[in-house]
Amino acid sequence: MLNRYFPSVEKEIPFEGKDSKNTLSFKYYNKNEVVGNKTMSEHLRFAVAYWHSFMGSGVDIFGAPSLKREWHKAGDPIQRAKDTMDAAFEFITKLGVDYYCFHDRDIAPEGETYSETCKNLETLVEYAKKLQKETGVKLLWGTANLFGHPMYAQGAGTSPNSHVMAHAAAQVKHAIDATYELGGENYVFWGGREGYESLLNTDMKREQEQMARFLHMAVDYKNKIGFKGQFLIEPKPAEPMKHQYDTDSAATLYFLKEYDLIDHFKLNLEANHATLAGHTFEHELTVASAAGKLGSVDANRGDLLLGWDTDQFPTDLYSTTFAMMIILNQNGLGSGGLNFDAKVRRTSIDPVDLFHAHIGGMDAFARGLLIAKKIIDDRALSSFIDERYSSFNSGIGADIMSGKAGLEDLDNWIEKEGLPVVSSARQEMLENIVNSYIQ
Ligand code: XUL
Ligand code: CO
């Protein structure tokens, strides 16, 4: 086992059960424990996000980097990238997680020229391949960073400058190649700069058509090279742009349908993006799942008092329980997983804090899984929901939904039957039932 950057954690984080006082142990996440028809690790498919955990420095708009990382010390950029990758694989292995996710620019540094940048990426892909082979860690998804470079300030696929769009497309080609080469199970598009700052300088229709063309080119390329991973789009309403086109699940699904892309994509939904869009996390998951399009999750949480993407590690049991209910009800995430797109606070300065953060997130989801499974098995909510809609199973409800009855038939029917009797929606009772399971 790699052992250089996290010497205080000597071996894989153990499962010790809920009564253990060892803060570097799992209290609930027991990866081989079978829950229903799968083990916990098969249900949860956790991934570590390379950018926050290994590239993050704690810098914010008011302050300099606060996280001093050993793996960032080398002067040579390629050596630094390799050290960072060593640290990442050591961490992931010691945490006992199966997957990681990256942006192209996380794993390899930008060069002086385009071809040097591409070469750097190839070098680090080779290095990642070796480490994946040695450790058994797999790639959940890759993506391209189309928001960091100043050329993308006005958009990448939706840039008003066709040269910029061409550059973004070329970059995506290489990022898909890298993902394919490393056996990535999905590929993500997050359009951080695909939106606008001001409508005064923006042709929205054109930009949306450009975005559609951009994604169609990616689909064509994927098919051409035979990459079988799932394409995912990650909605977010704003930040860095004032308004991002892929605002939320509903807007993104509409866009995909409108531009004939719906068969090629699913959604990767992030908890903090949902709340920024004015939705709950479970709302976003439910919208996508109902459309058969919930593909993967960026697991984190926001802060209700702050209006930006704080990307904190998830600890809220209601949130993880509701998420796992939706995921279990659709029979899992398929090739997707739960990626910790989350960062330690800039005051959590020790590398070991990365362990505490992930352990907390993993335990929160493991508890969510156990609680959700029980609620589902007991039909604690679903029996009520089934009953609530049961008037559509036969009689006039079935006639309406099958198309047998129309407005005139219903006019006659109501004339005969009179006014409906409605039942209570029992929200408080159901909240109490959920609470009785959260323990
Ligand atoms: C930004 C965000 C991204 C995507 C990948 O808010 O969530 O890190 O997950 O580009
Ligand atoms: Co994300």
# chains A, B, ... in the order shown; residues from 1 in each chain; ligands from 1
$ residues_around --residues "Glu197 (chain A)" --least-positions-apart "4" --cutoff "10 Å" --atoms "only C-alpha atoms" --output "ChimeraX atom specification"
/A:154,193,201-202,238,240-244
$ residues_near_ligand --ligand "ligand 1" --cutoff "9 Å" --atoms "only C-alpha atoms and all ligand atoms" --output "PyMOL selection string"
chain A and resi 49+51-52+101-103+142-147+188-192+234-236+238-240+268-270+272-273+298+309+311+339+341-342
$ write_last_selection --atoms "C-alpha atoms" --output "CSV table (one decimal), in the first residue's frame"
chain,number,residue,atom,x,y,z
A,49,ALA,CA,-13.3,14.2,-6.3
A,51,TRP,CA,-10.2,18.6,-7.7
A,52,HIS,CA,-11.4,19.5,-4.2
A,101,CYS,CA,-13.4,11.5,-10.6
A,102,PHE,CA,-11.3,14.2,-12.3
A,103,HIS,CA,-11.2,17.1,-14.7
A,142,GLY,CA,-13.9,12.2,-16.3
A,143,THR,CA,-14.6,15.6,-17.5
A,144,ALA,CA,-13.0,18.7,-19.1
A,145,ASN,CA,-12.4,21.9,-17.2
A,146,LEU,CA,-14.0,24.4,-19.6
A,147,PHE,CA,-14.3,27.2,-17.0
A,188,VAL,CA,-19.7,14.5,-17.3
A,189,PHE,CA,-20.5,17.8,-18.8
A,190,TRP,CA,-20.9,20.7,-16.3
A,191,GLY,CA,-21.5,24.0,-18.1
A,192,GLY,CA,-20.1,26.4,-15.5
A,234,GLU,CA,-24.7,18.3,-14.3
A,235,PRO,CA,-27.2,21.2,-13.8
A,236,LYS,CA,-26.5,24.3,-11.7
A,238,ALA,CA,-25.6,30.0,-11.5
A,239,GLU,CA,-22.0,30.6,-10.4
A,240,PRO,CA,-19.7,31.3,-12.0
A,268,ASN,CA,-25.5,14.0,-12.6
A,269,LEU,CA,-27.2,15.8,-9.7
A,270,GLU,CA,-25.4,17.8,-7.0
A,272,ASN,CA,-25.7,22.0,-3.3
A,273,HIS,CA,-26.7,22.9,-6.9
A,298,ASP,CA,-22.4,14.7,-6.6
A,309,ASP,CA,-21.8,26.7,-3.5
A,311,ASP,CA,-19.6,22.3,-1.2
A,339,ASN,CA,-19.1,11.4,-5.9
A,341,ASP,CA,-17.9,16.9,-4.8
A,342,ALA,CA,-17.1,18.5,-1.5
$ select_by_dssp --residues "region 232-393 of chain A" --states "strand (DSSP E or B)" --output "PyMOL selection string"
chain A and resi 232-233+243-244+265-270+294-298+301+312+338-340
$ write_last_selection --atoms "C-alpha atoms" --output "PDB file, in the first residue's frame"
ATOM      1  CA  LEU A 232     -24.067  12.919 -17.952  1.00  0.00           C
ATOM      2  CA  ILE A 233     -25.056  16.577 -17.661  1.00  0.00           C
ATOM      3  CA  HIS A 243     -27.370  32.367 -15.225  1.00  0.00           C
ATOM      4  CA  GLN A 244     -26.380  28.867 -16.341  1.00  0.00           C
ATOM      5  CA  PHE A 265     -27.615  11.667 -21.709  1.00  0.00           C
ATOM      6  CA  LYS A 266     -28.608  11.226 -18.104  1.00  0.00           C
ATOM      7  CA  LEU A 267     -28.200  13.714 -15.266  1.00  0.00           C
ATOM      8  CA  ASN A 268     -25.531  14.025 -12.593  1.00  0.00           C
ATOM      9  CA  LEU A 269     -27.222  15.847  -9.731  1.00  0.00           C
ATOM     10  CA  GLU A 270     -25.447  17.754  -7.000  1.00  0.00           C
ATOM     11  CA  LEU A 294     -31.081   9.935 -12.805  1.00  0.00           C
ATOM     12  CA  GLY A 295     -27.574   8.777 -13.671  1.00  0.00           C
ATOM     13  CA  SER A 296     -25.228   9.860 -10.909  1.00  0.00           C
ATOM     14  CA  VAL A 297     -24.893  12.095  -7.864  1.00  0.00           C
ATOM     15  CA  ASP A 298     -22.438  14.716  -6.640  1.00  0.00           C
ATOM     16  CA  ARG A 301     -24.433  19.894   1.008  1.00  0.00           C
ATOM     17  CA  GLN A 312     -19.610  20.868   2.291  1.00  0.00           C
ATOM     18  CA  LEU A 338     -21.945   9.028  -5.222  1.00  0.00           C
ATOM     19  CA  ASN A 339     -19.074  11.389  -5.888  1.00  0.00           C
ATOM     20  CA  PHE A 340     -17.966  13.589  -2.997  1.00  0.00           C
TER      21      PHE A 340
END
$ residues_around --residues "region 86-90 of chain A" --least-positions-apart "6" --cutoff "9 Å" --atoms "only C-alpha atoms" --output "MDAnalysis selection string"
chainID A and resid 1:6 48 50 53:54 70:71 100 128 131:132 135 137
$ write_last_selection --atoms "N, CA and C atoms" --output "short mmCIF file (atom, residue, chain, number, x, y, z; two decimals), in the first residue's frame"
data_model
loop_
_atom_site.label_atom_id
_atom_site.label_comp_id
_atom_site.auth_asym_id
_atom_site.auth_seq_id
_atom_site.Cartn_x
_atom_site.Cartn_y
_atom_site.Cartn_z
N MET A 1 0.85 -1.22 0.00
CA MET A 1 0.00 0.00 0.00
C MET A 1 0.88 1.25 0.00
N LEU A 2 0.50 2.23 -0.86
CA LEU A 2 1.23 3.50 -0.89
C LEU A 2 1.19 4.11 0.51
N ASN A 3 2.33 4.66 0.96
CA ASN A 3 2.34 5.18 2.34
C ASN A 3 3.34 6.31 2.47
N ARG A 4 2.96 7.49 1.99
CA ARG A 4 3.89 8.60 2.04
C ARG A 4 3.27 9.89 2.55
N TYR A 5 2.04 10.14 2.12
CA TYR A 5 1.44 11.44 2.43
C TYR A 5 0.48 11.38 3.62
N PHE A 6 0.05 10.20 3.98
CA PHE A 6 -0.88 10.08 5.10
C PHE A 6 -0.35 9.05 6.10
N VAL A 48 -14.12 9.68 -4.92
CA VAL A 48 -13.42 10.84 -4.37
C VAL A 48 -13.20 11.84 -5.51
N TYR A 50 -11.18 14.51 -7.30
CA TYR A 50 -9.77 14.88 -7.36
C TYR A 50 -9.56 16.38 -7.11
N SER A 53 -10.27 17.56 -3.24
CA SER A 53 -9.46 16.93 -2.21
C SER A 53 -7.96 16.94 -2.50
N PHE A 54 -7.59 17.00 -3.78
CA PHE A 54 -6.14 16.95 -4.07
C PHE A 54 -5.59 18.19 -4.75
N GLU A 70 1.89 18.49 1.15
CA GLU A 70 3.20 17.94 0.77
C GLU A 70 3.28 17.66 -0.73
N TRP A 71 2.14 17.17 -1.26
CA TRP A 71 2.15 16.74 -2.67
C TRP A 71 2.16 17.91 -3.66
N TYR A 100 -12.76 7.24 -8.32
CA TYR A 100 -12.43 8.67 -8.27
C TYR A 100 -12.97 9.34 -9.53
N ALA A 128 -1.83 7.40 -14.32
CA ALA A 128 -3.08 6.99 -13.64
C ALA A 128 -3.39 5.52 -13.95
N LEU A 131 -1.34 3.38 -11.71
CA LEU A 131 -1.82 3.39 -10.33
C LEU A 131 -3.16 2.67 -10.19
N GLN A 132 -4.04 2.82 -11.17
CA GLN A 132 -5.32 2.11 -11.14
C GLN A 132 -5.08 0.60 -11.12
N THR A 135 -3.68 -0.50 -7.66
CA THR A 135 -4.55 -0.37 -6.49
C THR A 135 -5.95 -0.95 -6.69
N VAL A 137 -8.28 0.80 -7.93
CA VAL A 137 -9.20 1.95 -7.93
C VAL A 137 -9.63 2.23 -9.38
#
$ select_by_dssp --residues "region 195-431 of chain A" --states "alpha helix (DSSP H)" --output "ChimeraX atom specification"
/A:204-225,249-258,271-276,281-290,317-329,352-377,382-388,395-402,407-417,427-431
$ residues_around --residues "Glu284 (chain A)" --least-positions-apart "2" --cutoff "9 Å" --atoms "only C-alpha atoms" --output "ChimeraX atom specification"
/A:248-250,269-271,274,279-282,286-289
$ closest_residue --among "A:Asn300, A:Gln330, A:Thr123, A:Ser57" --to "ligand 2" --atoms "only C-alpha atoms and all ligand atoms"
A:Asn300
$ closest_residue --among "A:Ser391, A:Pro160, A:Ile176, A:Ala366" --to "Glu33 (chain A)" --atoms "only C-alpha atoms"
A:Ala366
$ atom_distance --atom1 "CA of Ile414 (chain A)" --atom2 "CA of Asp399 (chain A)"
13.7 Å
$ closest_residue --among "A:Ser335, A:Thr347, A:Thr310, A:Ser424" --to "ligand 2" --atoms "only C-alpha atoms and all ligand atoms"
A:Thr310
$ closest_residue --among "A:Leu430, A:Ala357, A:Ile438, A:Leu369" --to "Lys38 (chain A)" --atoms "only C-alpha atoms"
A:Leu369
$ residues_around --residues "Asp409 (chain A)" --least-positions-apart "4" --cutoff "10 Å" --atoms "only C-alpha atoms" --output "NGL selection string"
:A and (396 or 399-400 or 404-405 or 413-415)
$ write_last_selection --atoms "N, CA and C atoms" --output "PDB file, in the first residue's frame"
ATOM      1  N   ILE A 396     -64.049   5.679 -12.472  1.00  0.00           N
ATOM      2  CA  ILE A 396     -63.916   6.889 -13.274  1.00  0.00           C
ATOM      3  C   ILE A 396     -62.439   7.307 -13.443  1.00  0.00           C
ATOM      4  N   ASP A 399     -60.998   5.346 -16.170  1.00  0.00           N
ATOM      5  CA  ASP A 399     -61.583   5.787 -17.447  1.00  0.00           C
ATOM      6  C   ASP A 399     -60.935   7.089 -17.921  1.00  0.00           C
ATOM      7  N   ILE A 400     -60.645   7.997 -16.981  1.00  0.00           N
ATOM      8  CA  ILE A 400     -59.998   9.267 -17.357  1.00  0.00           C
ATOM      9  C   ILE A 400     -58.612   8.983 -17.926  1.00  0.00           C
ATOM     10  N   LYS A 404     -60.724   6.879 -21.982  1.00  0.00           N
ATOM     11  CA  LYS A 404     -62.104   6.462 -22.259  1.00  0.00           C
ATOM     12  C   LYS A 404     -63.099   7.602 -21.980  1.00  0.00           C
ATOM     13  N   ALA A 405     -62.798   8.386 -20.940  1.00  0.00           N
ATOM     14  CA  ALA A 405     -63.709   9.476 -20.579  1.00  0.00           C
ATOM     15  C   ALA A 405     -63.106  10.827 -20.928  1.00  0.00           C
ATOM     16  N   TRP A 413     -71.013  12.609 -15.538  1.00  0.00           N
ATOM     17  CA  TRP A 413     -70.693  11.781 -14.350  1.00  0.00           C
ATOM     18  C   TRP A 413     -70.832  12.600 -13.060  1.00  0.00           C
ATOM     19  N   ILE A 414     -70.285  13.824 -13.116  1.00  0.00           N
ATOM     20  CA  ILE A 414     -70.351  14.687 -11.927  1.00  0.00           C
ATOM     21  C   ILE A 414     -71.810  15.067 -11.629  1.00  0.00           C
ATOM     22  N   GLU A 415     -72.553  15.294 -12.674  1.00  0.00           N
ATOM     23  CA  GLU A 415     -73.977  15.596 -12.516  1.00  0.00           C
ATOM     24  C   GLU A 415     -74.646  14.531 -11.652  1.00  0.00           C
TER      25      GLU A 415
END
$ residues_around --residues "Ile433 (chain A)" --least-positions-apart "6" --cutoff "12 Å" --atoms "only C-alpha atoms" --output "PyMOL selection string"
chain A and resi 371+374-375+378-382+384+426-427+439
$ residues_around --residues "His43 (chain A)" --least-positions-apart "6" --cutoff "10 Å" --atoms "only C-alpha atoms" --output "list in words"
Lys31, Val34, Val35, Gly36, Asn37, Met324, Ile327, Leu328, Asn331, Gly332, Leu333, Gly334, Gly337, Leu338, Ala366 and Leu369 of chain A
$ write_last_selection --atoms "all heavy atoms" --output "CSV table (one decimal), in the first residue's frame"
chain,number,residue,atom,x,y,z
A,31,LYS,N,-18.4,-2.0,4.1
A,31,LYS,CA,-18.5,-2.2,2.7
A,31,LYS,C,-19.0,-3.5,2.2
A,31,LYS,O,-19.7,-3.6,1.2
A,31,LYS,CB,-17.2,-1.7,2.0
A,31,LYS,CG,-16.0,-2.6,2.2
A,31,LYS,CD,-14.9,-2.0,1.3
A,31,LYS,CE,-13.7,-2.9,1.5
A,31,LYS,NZ,-12.5,-2.2,0.8
A,34,VAL,N,-24.3,-6.9,3.3
A,34,VAL,CA,-25.3,-7.0,2.3
A,34,VAL,C,-26.6,-6.3,2.8
A,34,VAL,O,-27.1,-6.6,3.9
A,34,VAL,CB,-25.5,-8.5,2.0
A,34,VAL,CG1,-26.7,-8.7,1.0
A,34,VAL,CG2,-24.3,-9.2,1.4
A,35,VAL,N,-27.1,-5.5,2.0
A,35,VAL,CA,-28.3,-4.8,2.2
A,35,VAL,C,-29.2,-5.1,1.1
A,35,VAL,O,-29.0,-4.6,0.0
A,35,VAL,CB,-28.1,-3.2,2.4
A,35,VAL,CG1,-29.4,-2.5,2.6
A,35,VAL,CG2,-27.0,-2.9,3.4
A,36,GLY,N,-30.3,-5.9,1.3
A,36,GLY,CA,-31.1,-6.4,0.2
A,36,GLY,C,-30.3,-7.3,-0.7
A,36,GLY,O,-29.7,-8.2,-0.3
A,37,ASN,N,-30.2,-6.9,-2.0
A,37,ASN,CA,-29.5,-7.8,-2.9
A,37,ASN,C,-28.1,-7.4,-3.3
A,37,ASN,O,-27.5,-7.9,-4.2
A,37,ASN,CB,-30.3,-7.9,-4.2
A,37,ASN,CG,-30.6,-6.5,-4.8
A,37,ASN,OD1,-30.2,-5.5,-4.2
A,37,ASN,ND2,-31.1,-6.4,-6.0
A,324,MET,N,-31.4,8.2,-0.8
A,324,MET,CA,-31.3,6.8,-1.0
A,324,MET,C,-32.7,6.1,-1.3
A,324,MET,O,-32.7,5.1,-1.9
A,324,MET,CB,-30.6,6.1,0.2
A,324,MET,CG,-29.1,6.4,0.4
A,324,MET,SD,-28.2,6.3,-1.2
A,324,MET,CE,-28.4,4.6,-1.7
A,327,ILE,N,-33.0,6.5,-4.9
A,327,ILE,CA,-32.0,5.7,-5.7
A,327,ILE,C,-32.4,4.2,-5.6
A,327,ILE,O,-32.4,3.5,-6.5
A,327,ILE,CB,-30.6,5.9,-5.1
A,327,ILE,CG1,-30.2,7.4,-5.5
A,327,ILE,CG2,-29.6,4.9,-5.6
A,327,ILE,CD1,-28.9,7.8,-4.8
A,328,LEU,N,-32.9,3.8,-4.4
A,328,LEU,CA,-33.3,2.4,-4.2
A,328,LEU,C,-34.5,2.1,-5.0
A,328,LEU,O,-34.7,1.0,-5.7
A,328,LEU,CB,-33.6,2.0,-2.7
A,328,LEU,CG,-32.4,1.9,-1.8
A,328,LEU,CD1,-32.8,1.7,-0.4
A,328,LEU,CD2,-31.5,0.8,-2.2
A,331,ASN,N,-33.8,1.2,-8.4
A,331,ASN,CA,-32.9,0.1,-8.5
A,331,ASN,C,-31.5,0.5,-8.7
A,331,ASN,O,-30.7,-0.2,-9.5
A,331,ASN,CB,-33.4,-0.8,-9.7
A,331,ASN,CG,-33.6,-2.2,-9.2
A,331,ASN,OD1,-32.9,-2.6,-8.3
A,331,ASN,ND2,-34.5,-2.9,-9.8
A,332,GLY,N,-31.0,1.6,-8.1
A,332,GLY,CA,-29.6,1.9,-8.1
A,332,GLY,C,-29.3,3.0,-9.2
A,332,GLY,O,-30.2,3.4,-10.0
A,333,LEU,N,-28.0,3.3,-9.3
A,333,LEU,CA,-27.6,4.4,-10.2
A,333,LEU,C,-26.9,3.8,-11.5
A,333,LEU,O,-26.4,4.6,-12.2
A,333,LEU,CB,-26.6,5.3,-9.5
A,333,LEU,CG,-27.2,6.2,-8.4
A,333,LEU,CD1,-26.1,6.9,-7.6
A,333,LEU,CD2,-28.1,7.3,-9.0
A,334,GLY,N,-27.0,2.5,-11.6
A,334,GLY,CA,-26.4,1.9,-12.8
A,334,GLY,C,-24.9,2.2,-12.8
A,334,GLY,O,-24.2,1.9,-11.8
A,337,GLY,N,-22.6,6.8,-9.5
A,337,GLY,CA,-22.2,6.6,-8.1
A,337,GLY,C,-22.4,7.9,-7.3
A,337,GLY,O,-23.1,8.8,-7.8
A,338,LEU,N,-21.9,7.9,-6.1
A,338,LEU,CA,-21.9,9.0,-5.2
A,338,LEU,C,-20.6,9.6,-5.1
A,338,LEU,O,-19.7,9.1,-4.5
A,338,LEU,CB,-22.4,8.6,-3.8
A,338,LEU,CG,-23.8,7.9,-3.8
A,338,LEU,CD1,-24.1,7.4,-2.3
A,338,LEU,CD2,-24.9,8.8,-4.2
A,366,ALA,N,-24.4,5.7,4.3
A,366,ALA,CA,-24.6,4.3,4.7
A,366,ALA,C,-25.9,4.3,5.7
A,366,ALA,O,-26.7,3.4,5.5
A,366,ALA,CB,-23.4,3.7,5.4
A,369,LEU,N,-28.9,4.8,3.6
A,369,LEU,CA,-29.2,3.6,2.9
A,369,LEU,C,-30.0,2.6,3.8
A,369,LEU,O,-31.0,2.1,3.4
A,369,LEU,CB,-27.9,2.9,2.4
A,369,LEU,CG,-28.0,1.4,1.9
A,369,LEU,CD1,-28.9,1.3,0.7
A,369,LEU,CD2,-26.6,0.9,1.6
$ decode --residues "region 195-265 of chain A" --atoms "C-alpha atoms" --output "CSV table (one decimal), in the first residue's frame"
chain,number,residue,atom,x,y,z
A,195,GLY,CA,-24.8,30.8,-19.6
A,196,TYR,CA,-24.7,34.6,-19.6
A,197,GLU,CA,-23.8,37.6,-17.5
A,198,SER,CA,-26.0,40.1,-19.4
A,199,LEU,CA,-28.8,39.7,-21.9
A,200,LEU,CA,-27.7,43.0,-23.5
A,201,ASN,CA,-24.8,41.2,-25.2
A,202,THR,CA,-26.3,37.7,-25.5
A,203,ASP,CA,-28.2,35.8,-28.3
A,204,MET,CA,-29.7,33.1,-26.2
A,205,LYS,CA,-31.2,31.1,-29.0
A,206,ARG,CA,-27.8,31.0,-30.8
A,207,GLU,CA,-26.0,30.0,-27.6
A,208,GLN,CA,-28.4,27.1,-27.0
A,209,GLU,CA,-28.1,25.9,-30.6
A,210,GLN,CA,-24.3,26.0,-30.2
A,211,MET,CA,-24.5,24.0,-26.9
A,212,ALA,CA,-26.7,21.4,-28.7
A,213,ARG,CA,-24.2,21.2,-31.6
A,214,PHE,CA,-21.3,20.9,-29.1
A,215,LEU,CA,-23.0,18.0,-27.3
A,216,HIS,CA,-24.0,16.3,-30.6
A,217,MET,CA,-20.3,16.4,-31.7
A,218,ALA,CA,-19.4,14.7,-28.4
A,219,VAL,CA,-22.0,12.0,-29.0
A,220,ASP,CA,-20.8,11.5,-32.6
A,221,TYR,CA,-17.2,11.1,-31.3
A,222,LYS,CA,-18.2,8.8,-28.5
A,223,ASN,CA,-20.0,6.5,-31.0
A,224,LYS,CA,-17.1,6.7,-33.4
A,225,ILE,CA,-14.5,5.5,-30.9
A,226,GLY,CA,-16.9,3.0,-29.2
A,227,PHE,CA,-16.8,4.6,-25.7
A,228,LYS,CA,-19.6,2.9,-23.8
A,229,GLY,CA,-19.6,5.1,-20.7
A,230,GLN,CA,-22.7,7.1,-19.9
A,231,PHE,CA,-22.8,10.8,-20.8
A,232,LEU,CA,-24.1,12.9,-18.0
A,233,ILE,CA,-25.1,16.6,-17.7
A,234,GLU,CA,-24.7,18.3,-14.3
A,235,PRO,CA,-27.2,21.2,-13.8
A,236,LYS,CA,-26.5,24.3,-11.7
A,237,PRO,CA,-28.4,27.6,-11.8
A,238,ALA,CA,-25.6,30.0,-11.5
A,239,GLU,CA,-22.0,30.6,-10.4
A,240,PRO,CA,-19.7,31.3,-12.0
A,241,MET,CA,-22.2,32.7,-14.6
A,242,LYS,CA,-25.1,34.8,-13.5
A,243,HIS,CA,-27.4,32.4,-15.2
A,244,GLN,CA,-26.4,28.9,-16.3
A,245,TYR,CA,-28.5,27.3,-19.1
A,246,ASP,CA,-28.6,23.9,-17.5
A,247,THR,CA,-30.4,25.4,-14.5
A,248,ASP,CA,-32.0,22.4,-12.9
A,249,SER,CA,-33.2,18.9,-13.8
A,250,ALA,CA,-36.4,20.2,-15.5
A,251,ALA,CA,-34.6,22.8,-17.6
A,252,THR,CA,-31.9,20.3,-18.6
A,253,LEU,CA,-34.4,17.6,-19.6
A,254,TYR,CA,-36.3,20.1,-21.7
A,255,PHE,CA,-33.1,21.2,-23.5
A,256,LEU,CA,-32.1,17.6,-24.1
A,257,LYS,CA,-35.5,16.8,-25.6
A,258,GLU,CA,-35.7,19.9,-27.7
A,259,TYR,CA,-32.4,19.3,-29.3
A,260,ASP,CA,-32.7,15.5,-29.8
A,261,LEU,CA,-30.1,14.6,-27.3
A,262,ILE,CA,-32.3,12.9,-24.7
A,263,ASP,CA,-31.4,9.4,-25.6
A,264,HIS,CA,-27.7,10.0,-25.1
A,265,PHE,CA,-27.6,11.7,-21.7
